[in-house]
Amino acid sequence: MDFRIAAAARRRKRRRLLIGVGAGLAAAALLTALSFIGPGAPEASRDALWTGTVERGSLVLQVRGPGSLEVPPEEIRWLAAETRGRVEERHVLPGTPVDADTLLLALSNPELEQQVREAEHQLQAEEADLRGLRERNRSDLLEQESAAGELAAASERARRRAEADRRLEEAGLVGEFVRKRSEVRAEEFETRRNLEQQRLAILADSSAAQIAAKEATVARYQALVALRRRQQAGLLVRAGRSGILLELPVEVGQEVRPGENLARVADPQRLKAVLRIPETRARDVAPGRPAVVDTRNGVIPGVVTWVDPAVRDGAVAVDIALMGPLPRGARPDLSVEGAIELDRIEDTLHLGRPAYGQPGSSVGLFRVTSDGEMAVRTAVRLGRASVNRIEILEGLAEGDEVVLSDTSTWDAHPRIRLR
């Protein structure tokens with residue numbers, strides 16, 4: 001009896017010892033597993049994470065920005081009112097193709113019509129006065145020329161008479177008194193002839209001055225008539241060039257003032273893209289850099305032609321000259337998106353841009369292990385960045401898969417379990 005009790009006690013002791021040893025081994029295994037996995041490793045659904053693979057090759061550095069298609073200023077024609085008037089008719093609606101002679105608007109101005117008639121009448125009166133003045137001056141000049149001619153002939157006769165009397169005196173046929181009288185008379189006619197010639201020259205100059213003054217008056221009224229007629233013709237507003245009517249900001253019955261814009265016409269086949277690049281990324285943008293513009297209906301190559309020196313609303317305006325044909329549907333004010341090439345890095349490691357991490361900084365990115373079950377935090381040094389790619393300087397190798405989505409909720413954990 002005592003023997004059986006002692007044997008049962010030994011068995012119970014052995015069983016408790018085996019249970020304790022097993023529990024100790026299980027606890028040790030659990031501690032080892034926990035030390036390998038890490039304290040509190042969180043889990044994440046692989047489908048909910050955005051990952052990317054490190055690649056080696058050329059990295060094109062770009063900046064991207066939204067914008068719109070616009071007509072270059074040299075291709076835009078603003079039509080302004082020549083004079084005050086009232087809009088009577090609108091013949092064309094915005095968006096309509098037009099030619100140079102296409103009638104856009106018809107204006108009216110009764111006062112201008114009266115001014116045209118008055119200017120024409122004044123011009124006719126001045127032209128009649130000019131014709132009369134020319135006839136009167138021509139008649140006066142003819143009379144003066146006739147008088148000068150008669151005196152010239154009389155002077156010549158007196159000179160010949162004086163010469164004859166001098167010879168007769170030498171021959172003893174006449175006396176000295178007759179010779180001197182003939183010479184005095186010849187000198188008198190010569191003086192009168194000179195005076196008439198001077199009077200003729202003065203009359204010619206005076207006539208020319210009078211005609212020039214009257215011609216200037218006629219020219220002034222001709223210019224006035226031309227101005228009034230041009231203003232009258234301006235009441236019919238025509239496109240002046242072929243293209244598309246972009247804007248017609250007046251209504252029928254509206255009064256317009258001289259110089260007020262009535263219409264805007266442009267050639268829709270010659271457009272440029274104006275991109276708005278964020279000011280923090282516009283530092284390296286310069287004229288001559290290649291670019292591409294996405295119109296959502298096609299991609300057009302281009303080149304930077306102008307960079308706005310000022311910043312407006314946090315962005316820098318950049319003009320892109322389009323080098324290729326425009327796709328269908330391209331029109332002024334169409335929203336587009338463009339990318340400008342800044343540089344090209346050959347044979348480098350690059351990765352899709354992560355949710356955080358600035359160019360030239362060091363960040364911790366989760367690298368997916370080869371079995372795809374874990375993502376381990378890895379220190380990575382970043383280089384230069386493009387629109388959607390960034391250069392990898394240290395920490396990753398070609399072919400590594402990296403989590404690119406936001407992992408800020410796991411900043412306190414060195415690894416993530418993927419499921």
# chains A, B, ... in the order shown; residues from 1 in each chain; ligands from 1
>>> closest_atom_pairs(of="stretch 76-163 of chain A", to="stretch 199-218 of chain A", cutoff="8 Å", atoms="only C-alpha atoms", output="tab-separated table")
residue	atom	partner	partner_atom	distance
A:Leu123	CA	A:Val218	CA	6.3
A:Glu126	CA	A:Val218	CA	5.7
A:Glu127	CA	A:Val218	CA	6.1
A:Asp129	CA	A:Lys214	CA	7.9
A:Leu130	CA	A:Lys214	CA	5.9
A:Leu133	CA	A:Ile211	CA	6.9
A:Arg134	CA	A:Ile211	CA	6.7
A:Asn137	CA	A:Ser207	CA	5.8
A:Leu141	CA	A:Ala204	CA	6.8
A:Gln144	CA	A:Leu200	CA	5.9
A:Glu145	CA	A:Leu200	CA	6.6
A:Ala148	CA	A:Leu200	CA	7.5
>>> select_by_dssp(residues="stretch 77-278 of chain A", states="helix (DSSP H, G or I)", output="PyMOL selection string")
chain A and resi 110-171+176-233
>>> atom_distance(atom1="atom CA of A:Ile340", atom2="atom CA of A:Arg312")
19.1 Å
>>> residues_around(residues="stretch 50-64 of chain A", least_positions_apart="5", cutoff="8 Å", atoms="only C-alpha atoms", output="ChimeraX atom specification")
/A:277,281-282,337-352,384-387,389,391,396-405
>>> closest_residue(among="A:Ala100, A:Leu248, A:Arg136, A:Gln254", to="A:Gly85", atoms="only C-alpha atoms")
A:Gln254
>>> residues_around(residues="stretch 187-191 of chain A", least_positions_apart="2", cutoff="8 Å", atoms="only C-alpha atoms", output="PyMOL selection string")
chain A and resi 151-152+154-155+158-159+183-185+193-195
>>> residues_around(residues="A:Ile76", least_positions_apart="2", cutoff="12 Å", atoms="only C-alpha atoms", output="ChimeraX atom specification")
/A:70-74,78-79,239-247,263-271,332
>>> write_last_selection(atoms="N, CA, C and O atoms", output="compact mmCIF listing (two decimals), in the first residue's frame")
# COMPACT_ATOMS: atom_id res chain seq x y z
N GLU A 70 -3.62 80.07 -75.54
CA GLU A 70 -3.93 81.48 -75.78
C GLU A 70 -3.41 81.88 -77.16
O GLU A 70 -2.51 81.25 -77.72
N VAL A 71 -4.00 82.93 -77.69
CA VAL A 71 -3.56 83.48 -78.96
C VAL A 71 -2.41 84.45 -78.69
O VAL A 71 -2.53 85.32 -77.83
N PRO A 72 -1.29 84.33 -79.41
CA PRO A 72 -0.20 85.29 -79.21
C PRO A 72 -0.68 86.71 -79.49
O PRO A 72 -1.54 86.93 -80.36
N PRO A 73 -0.17 87.69 -78.75
CA PRO A 73 -0.63 89.08 -78.95
C PRO A 73 -0.50 89.57 -80.37
O PRO A 73 -1.34 90.34 -80.85
N GLU A 74 0.54 89.13 -81.08
CA GLU A 74 0.71 89.60 -82.45
C GLU A 74 -0.33 89.02 -83.41
O GLU A 74 -0.46 89.50 -84.54
N TRP A 78 -7.72 93.79 -82.29
CA TRP A 78 -8.84 94.46 -81.63
C TRP A 78 -9.40 95.50 -82.58
O TRP A 78 -8.66 96.29 -83.17
N LEU A 79 -10.70 95.50 -82.73
CA LEU A 79 -11.38 96.49 -83.57
C LEU A 79 -12.01 97.53 -82.67
O LEU A 79 -12.85 97.20 -81.82
N ALA A 239 -14.10 92.71 -90.16
CA ALA A 239 -13.11 91.94 -89.41
C ALA A 239 -11.69 92.44 -89.66
O ALA A 239 -10.86 92.46 -88.75
N GLY A 240 -11.36 92.80 -90.88
CA GLY A 240 -10.03 93.32 -91.17
C GLY A 240 -8.98 92.25 -91.39
O GLY A 240 -7.87 92.54 -91.85
N ARG A 241 -9.27 90.98 -91.04
CA ARG A 241 -8.36 89.86 -91.26
C ARG A 241 -9.15 88.57 -91.16
O ARG A 241 -10.25 88.54 -90.61
N SER A 242 -8.60 87.51 -91.70
CA SER A 242 -9.26 86.22 -91.61
C SER A 242 -8.93 85.56 -90.27
O SER A 242 -7.86 85.79 -89.70
N GLY A 243 -9.84 84.77 -89.77
CA GLY A 243 -9.64 84.09 -88.50
C GLY A 243 -10.96 83.73 -87.86
O GLY A 243 -11.93 83.39 -88.53
N ILE A 244 -10.99 83.82 -86.53
CA ILE A 244 -12.17 83.51 -85.73
C ILE A 244 -12.55 84.74 -84.92
O ILE A 244 -11.68 85.40 -84.33
N LEU A 245 -13.83 85.07 -84.91
CA LEU A 245 -14.30 86.14 -84.04
C LEU A 245 -14.34 85.62 -82.61
O LEU A 245 -15.15 84.75 -82.27
N LEU A 246 -13.44 86.12 -81.76
CA LEU A 246 -13.34 85.64 -80.39
C LEU A 246 -14.30 86.35 -79.44
O LEU A 246 -14.81 85.75 -78.50
N GLU A 247 -14.54 87.62 -79.69
CA GLU A 247 -15.32 88.40 -78.72
C GLU A 247 -16.06 89.51 -79.44
O GLU A 247 -15.52 90.13 -80.37
N ALA A 263 -14.71 94.45 -81.07
CA ALA A 263 -14.59 93.04 -81.41
C ALA A 263 -13.13 92.63 -81.32
O ALA A 263 -12.22 93.47 -81.39
N ARG A 264 -12.92 91.31 -81.17
CA ARG A 264 -11.57 90.75 -81.13
C ARG A 264 -11.51 89.57 -82.09
O ARG A 264 -12.29 88.62 -81.96
N VAL A 265 -10.58 89.65 -83.05
CA VAL A 265 -10.43 88.63 -84.08
C VAL A 265 -9.02 88.07 -84.00
O VAL A 265 -8.06 88.83 -83.81
N ALA A 266 -8.88 86.75 -84.15
CA ALA A 266 -7.55 86.13 -84.09
C ALA A 266 -7.52 84.91 -84.99
O ALA A 266 -8.56 84.38 -85.39
N ASP A 267 -6.31 84.47 -85.30
CA ASP A 267 -6.10 83.27 -86.09
C ASP A 267 -6.02 82.08 -85.14
O ASP A 267 -5.05 81.95 -84.38
N PRO A 268 -7.00 81.18 -85.12
CA PRO A 268 -7.01 80.08 -84.15
C PRO A 268 -5.99 79.01 -84.46
O PRO A 268 -5.79 78.10 -83.65
N GLN A 269 -5.36 79.06 -85.62
CA GLN A 269 -4.37 78.05 -85.96
C GLN A 269 -3.00 78.38 -85.40
O GLN A 269 -2.09 77.55 -85.50
N ARG A 270 -2.84 79.55 -84.82
CA ARG A 270 -1.56 79.93 -84.24
C ARG A 270 -1.79 80.26 -82.77
O ARG A 270 -2.15 81.38 -82.41
N LEU A 271 -1.61 79.23 -81.93
CA LEU A 271 -1.84 79.37 -80.51
C LEU A 271 -0.54 79.10 -79.75
O LEU A 271 0.40 78.50 -80.27
N PRO A 332 -8.69 78.74 -78.32
CA PRO A 332 -8.26 79.65 -77.26
C PRO A 332 -9.00 79.38 -75.95
O PRO A 332 -10.17 79.01 -75.95
>>> closest_residue(among="A:Glu113, A:Ala162, A:Glu118, A:Arg257", to="A:Thr83", atoms="only C-alpha atoms")
A:Arg257
>>> residues_around(residues="A:Ala44", least_positions_apart="3", cutoff="7 Å", atoms="only C-alpha atoms", output="ChimeraX atom specification")
/A:416-419
>>> select_by_dssp(residues="stretch 100-286 of chain A", states="strand (DSSP E)", output="list in words")
Leu103, Leu104, Leu105, Ala106, Leu107, Ser108, Leu236, Val237, Arg238, Gly243, Ile244, Leu245, Leu246, Glu247, Glu255, Val256, Asn261, Leu262, Ala263, Arg264, Val265, Ala266, Lys272, Ala273, Val274, Leu275, Arg276, Ile277 and Pro278 of chain A
>>> atom_distance(atom1="atom CA of A:Val174", atom2="atom CA of A:Arg160")
15.6 Å
>>> atom_distance(atom1="atom CA of A:Leu393", atom2="atom CA of A:Val376")
18.6 Å
